[in-house]
>>> print(open('model24.cif').read())   # mmCIF, C-alpha atoms
data_protein
#
loop_
_atom_site.label_atom_id
_atom_site.label_comp_id
_atom_site.auth_asym_id
_atom_site.auth_seq_id
_atom_site.Cartn_x
_atom_site.Cartn_y
_atom_site.Cartn_z
CA MET J 11 0.00 0.00 0.00
CA SER J 12 1.64 3.24 -1.13
CA ALA J 13 1.68 6.32 1.02
CA ALA J 14 -0.57 9.17 0.00
CA LYS J 15 1.24 11.97 -1.78
CA LEU J 16 1.28 15.16 0.26
CA LYS J 17 -0.24 18.07 -1.62
CA ILE J 18 1.25 21.46 -0.81
CA LEU J 19 -1.43 24.13 -1.04
CA GLU J 20 0.82 27.13 -0.41
CA THR J 21 4.37 27.99 0.64
CA GLY J 22 5.54 30.92 2.73
CA VAL J 23 8.89 32.32 1.57
CA LEU J 24 10.63 34.43 4.22
CA HIS J 25 13.97 36.12 3.62
CA ALA J 26 16.15 37.26 6.49
CA SER J 27 17.02 40.94 6.22
CA ASP J 28 20.23 41.02 8.28
CA VAL J 29 21.99 39.54 11.31
CA ILE J 30 23.83 41.05 14.28
CA TYR J 31 26.45 38.79 15.82
CA TRP J 32 27.19 39.55 19.49
CA LEU J 33 30.93 39.25 20.12
CA ASP J 34 33.00 38.97 23.31
CA GLY J 35 35.35 41.96 23.23
CA THR J 36 37.96 40.34 25.49
CA SER J 37 38.22 37.11 23.47
CA ALA J 38 40.53 38.44 20.73
CA GLU J 39 42.28 41.53 19.46
CA SER J 40 40.50 41.76 16.10
CA VAL J 41 36.75 41.71 15.54
CA ALA J 42 37.12 38.94 12.95
CA GLU J 43 38.58 36.60 15.58
CA MET J 44 36.28 37.44 18.50
CA GLN J 45 34.07 34.67 19.84
CA ARG J 46 30.29 34.84 19.67
CA LEU J 47 28.37 34.75 22.93
CA SER J 48 27.09 31.30 23.85
CA HIS J 49 23.67 32.55 24.93
CA ALA J 50 21.05 35.04 23.79
CA LEU J 51 20.82 38.61 25.05
CA LYS J 52 17.74 40.60 25.96
CA PHE J 53 17.10 43.03 23.15
CA GLU J 54 15.11 46.31 23.36
CA LEU J 55 14.60 48.57 20.35
CA SER J 56 13.78 52.25 20.79
CA ALA J 57 13.58 53.01 17.06
CA LYS J 58 12.88 50.69 14.12
CA PRO J 59 10.63 50.39 11.04
CA GLY J 60 7.20 49.04 11.89
CA ASP J 61 7.56 45.97 9.68
CA VAL J 62 10.85 44.73 11.13
CA LYS J 63 10.64 41.48 13.09
CA VAL J 64 13.28 40.13 15.47
CA ARG J 65 14.37 36.67 16.54
CA GLN J 66 16.93 36.12 19.27
CA ALA J 67 19.34 33.16 19.24
CA PRO J 68 22.56 32.35 21.11
CA GLY J 69 25.19 34.86 19.97
CA LYS J 70 23.06 36.51 17.30
CA THR J 71 19.91 38.46 16.50
CA VAL J 72 18.16 37.85 13.17
CA PHE J 73 15.96 40.44 11.46
CA TRP J 74 13.44 40.22 8.67
CA ARG J 75 10.79 42.46 7.18
CA ASN J 76 7.17 41.61 6.51
CA GLN J 77 7.46 43.00 3.00
CA ALA J 78 10.05 40.30 2.26
CA THR J 79 7.51 37.56 3.03
CA THR J 80 5.71 36.02 0.07
CA ILE J 81 2.94 33.41 0.02
CA ILE J 82 3.27 31.16 -3.03
CA SER J 83 0.31 29.13 -4.26
CA GLY J 84 1.39 25.50 -4.20
CA GLU J 85 5.02 24.46 -3.88
CA ALA J 86 7.63 27.21 -4.27
CA THR J 87 10.10 26.98 -7.14
CA GLU J 88 13.76 27.91 -6.88
CA ASN J 89 12.91 31.18 -8.60
CA ASP J 90 10.22 31.87 -6.00
CA LYS J 91 12.84 31.35 -3.29
CA SER J 92 15.24 33.91 -4.77
CA PHE J 93 16.50 36.48 -2.25
CA VAL J 94 14.49 39.69 -1.98
CA ASP J 95 16.32 42.85 -0.90
CA GLY J 96 14.15 44.51 1.75
CA GLY J 97 16.13 47.76 1.67
CA SER J 98 18.28 49.40 4.34
CA TYR J 99 16.95 50.72 7.64
CA SER J 100 18.20 52.08 10.96
CA LEU J 101 17.84 50.47 14.37
CA THR J 102 18.52 52.02 17.77
CA GLY J 103 18.35 50.05 20.97
CA THR J 104 19.91 48.48 24.04
CA VAL J 105 21.04 44.94 24.84
CA TYR J 106 21.19 43.39 28.31
CA ASP J 107 22.46 40.08 29.57
CA THR J 108 19.96 38.63 32.03
CA LYS J 109 22.64 36.20 33.23
CA GLY J 110 24.82 39.15 34.30
CA TYR J 111 27.87 37.89 32.40
CA TYR J 112 28.10 40.85 30.01
CA ASN J 113 27.70 44.59 30.41
CA PRO J 114 24.71 46.23 28.71
CA ARG J 115 25.26 48.60 25.82
CA THR J 116 23.35 50.87 23.49
CA PHE J 117 23.77 50.86 19.74
CA SER J 118 22.66 52.53 16.54
CA VAL J 119 23.17 50.60 13.35
CA THR J 120 22.11 50.52 9.70
CA LEU J 121 20.96 47.09 8.53
CA GLY J 122 19.57 45.54 5.37
CA ALA J 123 21.59 43.03 3.37
CA SER J 124 21.41 43.43 -0.41
CA THR J 125 22.85 40.04 -1.39
CA VAL J 126 23.23 36.49 -0.12
CA PRO J 127 24.90 34.92 1.70
CA ILE J 128 24.17 37.52 4.38
CA GLY J 129 27.43 38.43 6.10
CA GLY J 130 25.82 40.12 9.09
CA GLN J 131 27.42 42.68 11.38
CA GLY J 132 29.50 42.17 14.50
CA MET J 133 28.59 44.07 17.68
CA ILE J 134 30.98 43.95 20.64
CA VAL J 135 29.96 43.51 24.26
CA TYR J 136 32.33 43.16 27.22
CA PRO J 137 32.16 40.74 30.15
CA THR J 138 31.34 41.86 33.67
CA PRO J 139 33.64 40.68 36.48
CA LEU J 140 31.12 37.86 37.01
CA GLY J 141 31.56 36.75 33.41
CA THR J 142 35.38 36.97 33.39
CA ARG J 143 37.78 34.08 33.92
CA PHE J 144 41.54 34.36 34.16
CA GLY J 145 43.78 31.82 32.46
CA LYS J 146 47.49 31.03 32.40
CA GLY J 147 48.28 34.48 31.04
CA GLY J 148 47.05 36.12 34.24
CA GLY J 149 45.46 39.55 34.12
CA LEU J 150 44.71 42.91 35.67
CA ILE J 151 42.14 44.02 38.25
CA ALA J 152 41.13 47.63 38.84
CA SER J 153 38.43 49.83 40.33
CA LEU J 154 38.17 53.20 38.56
CA ARG J 155 37.12 56.50 40.12
CA PHE J 156 37.40 60.10 39.00
CA ALA J 157 40.24 61.91 40.76
CA SER J 158 38.21 65.07 41.36
CA ASP J 159 35.37 63.63 43.44
CA GLU J 160 35.88 59.83 43.60
CA ARG J 161 32.79 59.17 41.48
CA LEU J 162 32.67 55.72 39.93
CA VAL J 163 33.96 55.54 36.36
CA VAL J 164 31.27 53.31 34.88
CA TRP J 165 31.22 51.66 31.43
CA ALA J 166 34.79 52.84 30.70
CA LEU J 167 36.93 50.95 28.20
CA LEU J 168 40.45 49.91 29.23
CA SER J 169 43.07 48.93 26.66
CA ALA J 170 46.31 47.18 27.63
CA VAL J 171 49.06 46.99 25.01
CA VAL J 172 51.70 44.46 26.03
CA THR J 173 55.15 44.47 24.40
CA VAL J 174 56.37 40.92 23.74
CA PRO J 175 60.02 40.99 22.62
CA GLY J 176 60.57 39.14 19.37
CA VAL J 177 56.83 38.98 18.71
CA GLY J 178 55.53 42.56 18.79
CA SER J 179 52.60 43.97 20.71
CA GLN J 180 49.35 42.41 21.90
CA THR J 181 46.24 44.46 22.69
CA TYR J 182 43.69 43.45 25.32
CA ARG J 183 40.46 45.27 26.18
CA ALA J 184 37.87 45.16 28.94
CA GLN J 185 35.07 47.39 30.25
CA THR J 186 34.23 48.59 33.73
CA ASP J 187 30.82 47.59 35.06
CA ARG J 188 28.16 49.69 36.81
CA HIS J 189 30.38 49.69 39.92
CA GLY J 190 33.50 50.93 38.11
CA ASP J 191 35.18 47.52 38.50
CA VAL J 192 37.00 45.67 35.75
CA LEU J 193 38.84 42.39 35.25
CA LEU J 194 41.11 42.30 32.23
CA PRO J 195 42.35 38.78 31.32
CA LEU J 196 45.53 38.36 29.29
CA HIS J 197 44.64 35.04 27.67
CA ARG J 198 47.11 35.23 24.77
CA LEU J 199 50.13 36.31 26.80
CA PRO J 200 52.98 33.83 26.25
CA PRO J 201 55.29 32.58 29.04
CA LEU J 202 58.37 34.69 29.66
CA PRO J 203 61.29 33.64 27.46
CA GLU J 204 64.61 32.75 29.03
CA GLY J 205 66.45 35.80 30.31
CA LEU J 206 63.31 37.96 30.66
CA THR J 207 61.63 38.56 34.02
CA GLU J 208 58.65 40.74 32.98
CA TYR J 209 56.70 42.29 30.14
CA SER J 210 55.97 46.01 29.74
CA VAL J 211 52.34 47.08 29.41
CA ALA J 212 50.82 50.43 28.44
CA LEU J 213 47.34 50.91 29.93
CA SER J 214 44.94 53.52 28.56
CA VAL J 215 41.29 54.41 29.20
CA GLU J 216 38.31 55.87 27.37
CA ALA J 217 35.47 57.11 29.55
CA SER J 218 32.54 59.51 29.89
CA LEU J 219 32.18 62.21 32.54
CA THR J 220 28.39 62.01 32.37
CA ALA J 221 27.96 58.21 32.42
CA THR J 222 25.71 56.81 35.15
CA PRO J 223 25.26 53.24 36.42
CA GLU J 224 21.59 53.28 35.41
CA GLU J 225 22.15 54.23 31.75
CA PRO J 226 24.17 51.94 29.45
CA LEU J 227 26.10 53.59 26.65
CA ASN J 228 27.83 52.92 23.36
CA THR J 229 31.58 52.49 23.82
CA GLY J 230 32.03 54.35 20.54
CA ASP J 231 30.94 57.52 22.37
CA LEU J 232 33.73 57.35 24.98
CA VAL J 233 36.71 59.73 24.89
CA PRO J 234 40.34 59.24 25.94
CA MET J 235 41.23 60.31 29.48
CA ASP J 236 44.30 60.13 31.73
CA LEU J 237 45.17 57.58 34.41
CA GLU J 238 47.18 58.30 37.54
CA SER J 239 50.54 56.55 37.84
CA PRO J 240 50.71 53.52 40.15
CA SER J 241 54.06 54.80 41.48
CA VAL J 242 54.00 58.62 41.34
CA ALA J 243 51.10 60.39 43.08
CA GLY J 244 49.59 63.23 41.05
CA SER J 245 51.21 62.12 37.80
CA PHE J 246 48.58 61.51 35.12
CA ALA J 247 49.16 60.21 31.62
CA ASN J 248 47.52 58.28 28.82
CA PRO J 249 48.78 55.62 28.75
CA ILE J 250 50.47 54.69 32.01
CA THR J 251 53.16 52.01 31.85
CA PHE J 252 54.20 49.30 34.29
CA ALA J 253 55.47 45.73 34.36
CA ILE J 254 53.46 42.50 34.38
CA VAL J 255 54.29 38.83 34.73
CA PRO J 256 52.32 36.04 33.01
CA ASN J 257 50.14 33.86 35.26
CA GLU J 258 49.90 36.62 37.88
CA ILE J 259 46.71 38.57 38.66
CA GLN J 260 47.79 42.13 39.41
CA ALA J 261 45.67 44.83 41.04
CA ILE J 262 46.36 48.25 39.50
CA ARG J 263 45.91 51.24 41.80
CA SER J 264 47.07 54.83 41.71
CA ALA J 265 49.91 55.75 44.05
CA ASN J 266 48.63 56.11 47.64
CA LYS J 267 45.04 55.27 46.61
CA ARG J 268 42.79 52.23 46.85
CA TYR J 269 41.53 52.77 43.29
CA LEU J 270 42.83 53.76 39.85
CA ALA J 271 42.20 57.48 39.42
CA VAL J 272 40.94 58.98 36.13
CA GLN J 273 40.84 62.60 34.97
CA THR J 274 40.15 64.42 31.71
CA SER J 275 43.15 64.92 29.44
#
>>> encode(input="model24.cif", output="structure tokens")
Amino acid sequence: MSAAKLKILETGVLHASDVIYWLDGTSAESVAEMQRLSHALKFELSAKPGDVKVRQAPGKTVFWRNQATTIISGEATENDKSFVDGGSYSLTGTVYDTKGYYNPRTFSVTLGASTVPIGGQGMIVYPTPLGTRFGKGGGLIASLRFASDERLVVWALLSAVVTVPGVGSQTYRAQTDRHGDVLLPLHRLPPLPEGLTEYSVALSVEASLTATPEEPLNTGDLVPMDLESPSVAGSFANPITFAIVPNEIQAIRSANKRYLAVQTS
């Protein structure tokens, strides 16, 4: 007895419009090598076209537009399935991690792929101290406050450029959380070669004077500021330099202070 042939009455053809890939900013130096998050983020849009739909997935957010959806009578042909360009559009919003592993951030982006395969766009988020793990390379710990009034320096971006003789420089980045605290792992730092007792690191910061713990921001809006020297009180520079040793976790504080002081350049 043969099985009854299934008759397809209609086919819905839906084309994705674009994709945002959420990337861990501490996982690599270049965006192309950064790792995607292993879980989905909470996504809130404050401005978008009315026909844009959103689907969250681990490490990415997929978008499509209603106008790119077609209902085909019967079974769709390959021609019916051809990609439809839904046009470009702007999105503004905020992402949060309900697990608390990554700092929230705002963003404003233009989306709308014109061809397939859709390459998507990378968007960087940075781990909170809760979401940070140190490895064999060790790392840095700091709590940032403004020198003028000891206000917390929230959502600031720290960059550490380590000089590795015979190799060149390696850049590491991390972001302070709503408490001004940051853990910066140095995962790619190699062991010290024979005859060398330390590496030199240049630490710089980008921050905002008006940032508040309650309002996430876009790290692209931060501006360079100065850090106070760990060894000379009152000496500010951008960057500050000091020595580090692989496999050690080093707390960085300004001279005679319990925090790392920041001031405008």
>>> residues_around(input="model24.cif", residues="segment 176-179 of chain J", least_positions_apart="2", cutoff="10 Å", atoms="all atoms listed in the file", output="tab-separated table (two decimals) with C-alpha atoms, keeping the file's coordinate frame")
chain	number	residue	atom	x	y	z
J	170	ALA	CA	46.31	47.18	27.63
J	171	VAL	CA	49.06	46.99	25.01
J	172	VAL	CA	51.70	44.46	26.03
J	173	THR	CA	55.15	44.47	24.40
J	174	VAL	CA	56.37	40.92	23.74
J	181	THR	CA	46.24	44.46	22.69
J	200	PRO	CA	52.98	33.83	26.25
J	203	PRO	CA	61.29	33.64	27.46
J	210	SER	CA	55.97	46.01	29.74
J	211	VAL	CA	52.34	47.08	29.41
>>> closest_residue(input="model24.cif", among="J:Arg46, J:His189, J:Arg161, J:Arg75", to="Val135 of chain J", atoms="all atoms listed in the file")
J:Arg46
>>> closest_residue(input="model24.cif", among="J:Lys52, J:Arg263, J:Arg183, J:Lys63", to="Pro137 of chain J", atoms="only C-alpha atoms")
J:Arg183
>>> atom_distance(input="model24.cif", atom1="atom CA of Ser27 of chain J", atom2="atom CA of Tyr99 of chain J")
9.9 Å
>>> closest_residue(input="model24.cif", among="J:Leu227, J:Ala271, J:Leu196, J:Ala247", to="Arg155 of chain J", atoms="all atoms listed in the file")
J:Ala271
>>> resolve_selection(input="model24.cif", expression="the PyMOL selection byres ((chain J and resi 122) around 6)", output="ChimeraX atom specification")
/J:27-28,97-98,121,123
>>> atom_distance(input="model24.cif", atom1="atom CA of Ser239 of chain J", atom2="atom CA of Ala265 of chain J")
6.3 Å
>>> resolve_selection(input="model24.cif", expression="the PyMOL selection byres ((chain J and resi 272) around 6)", output="list in words")
Phe156, Ala157, Asp236, Leu237, Ala271 and Gln273 of chain J
>>> closest_residue(input="model24.cif", among="J:Gly110, J:Gly230, J:Gly149, J:Gly69", to="Tyr31 of chain J", atoms="all atoms listed in the file")
J:Gly69
>>> atom_distance(input="model24.cif", atom1="atom CA of Tyr182 of chain J", atom2="atom CA of Ser158 of chain J")
27.5 Å
>>> closest_residue(input="model24.cif", among="J:Pro68, J:Pro201, J:Trp74, J:Ile134", to="Ser40 of chain J", atoms="all atoms listed in the file")
J:Ile134
>>> resolve_selection(input="model24.cif", expression="the PyMOL selection byres ((chain J and resi 241) around 12)", output="VMD selection string")
chain J and resid 237 to 240 242 to 246 250 to 253 262 to 267 270
>>> write_last_selection(input="model24.cif", atoms="C-alpha atoms", output="JSON list (two decimals), keeping the file's coordinate frame")
[["chain", "number", "residue", "atom", "x", "y", "z"],
["J", 237, "LEU", "CA", 45.17, 57.58, 34.41],
["J", 238, "GLU", "CA", 47.18, 58.30, 37.54],
["J", 239, "SER", "CA", 50.54, 56.55, 37.84],
["J", 240, "PRO", "CA", 50.71, 53.52, 40.15],
["J", 242, "VAL", "CA", 54.00, 58.62, 41.34],
["J", 243, "ALA", "CA", 51.10, 60.39, 43.08],
["J", 244, "GLY", "CA", 49.59, 63.23, 41.05],
["J", 245, "SER", "CA", 51.21, 62.12, 37.80],
["J", 246, "PHE", "CA", 48.58, 61.51, 35.12],
["J", 250, "ILE", "CA", 50.47, 54.69, 32.01],
["J", 251, "THR", "CA", 53.16, 52.01, 31.85],
["J", 252, "PHE", "CA", 54.20, 49.30, 34.29],
["J", 253, "ALA", "CA", 55.47, 45.73, 34.36],
["J", 262, "ILE", "CA", 46.36, 48.25, 39.50],
["J", 263, "ARG", "CA", 45.91, 51.24, 41.80],
["J", 264, "SER", "CA", 47.07, 54.83, 41.71],
["J", 265, "ALA", "CA", 49.91, 55.75, 44.05],
["J", 266, "ASN", "CA", 48.63, 56.11, 47.64],
["J", 267, "LYS", "CA", 45.04, 55.27, 46.61],
["J", 270, "LEU", "CA", 42.83, 53.76, 39.85]]
>>> closest_residue(input="model24.cif", among="J:Val29, J:Ile254, J:Val192, J:Leu202", to="Tyr112 of chain J", atoms="only C-alpha atoms")
J:Val192
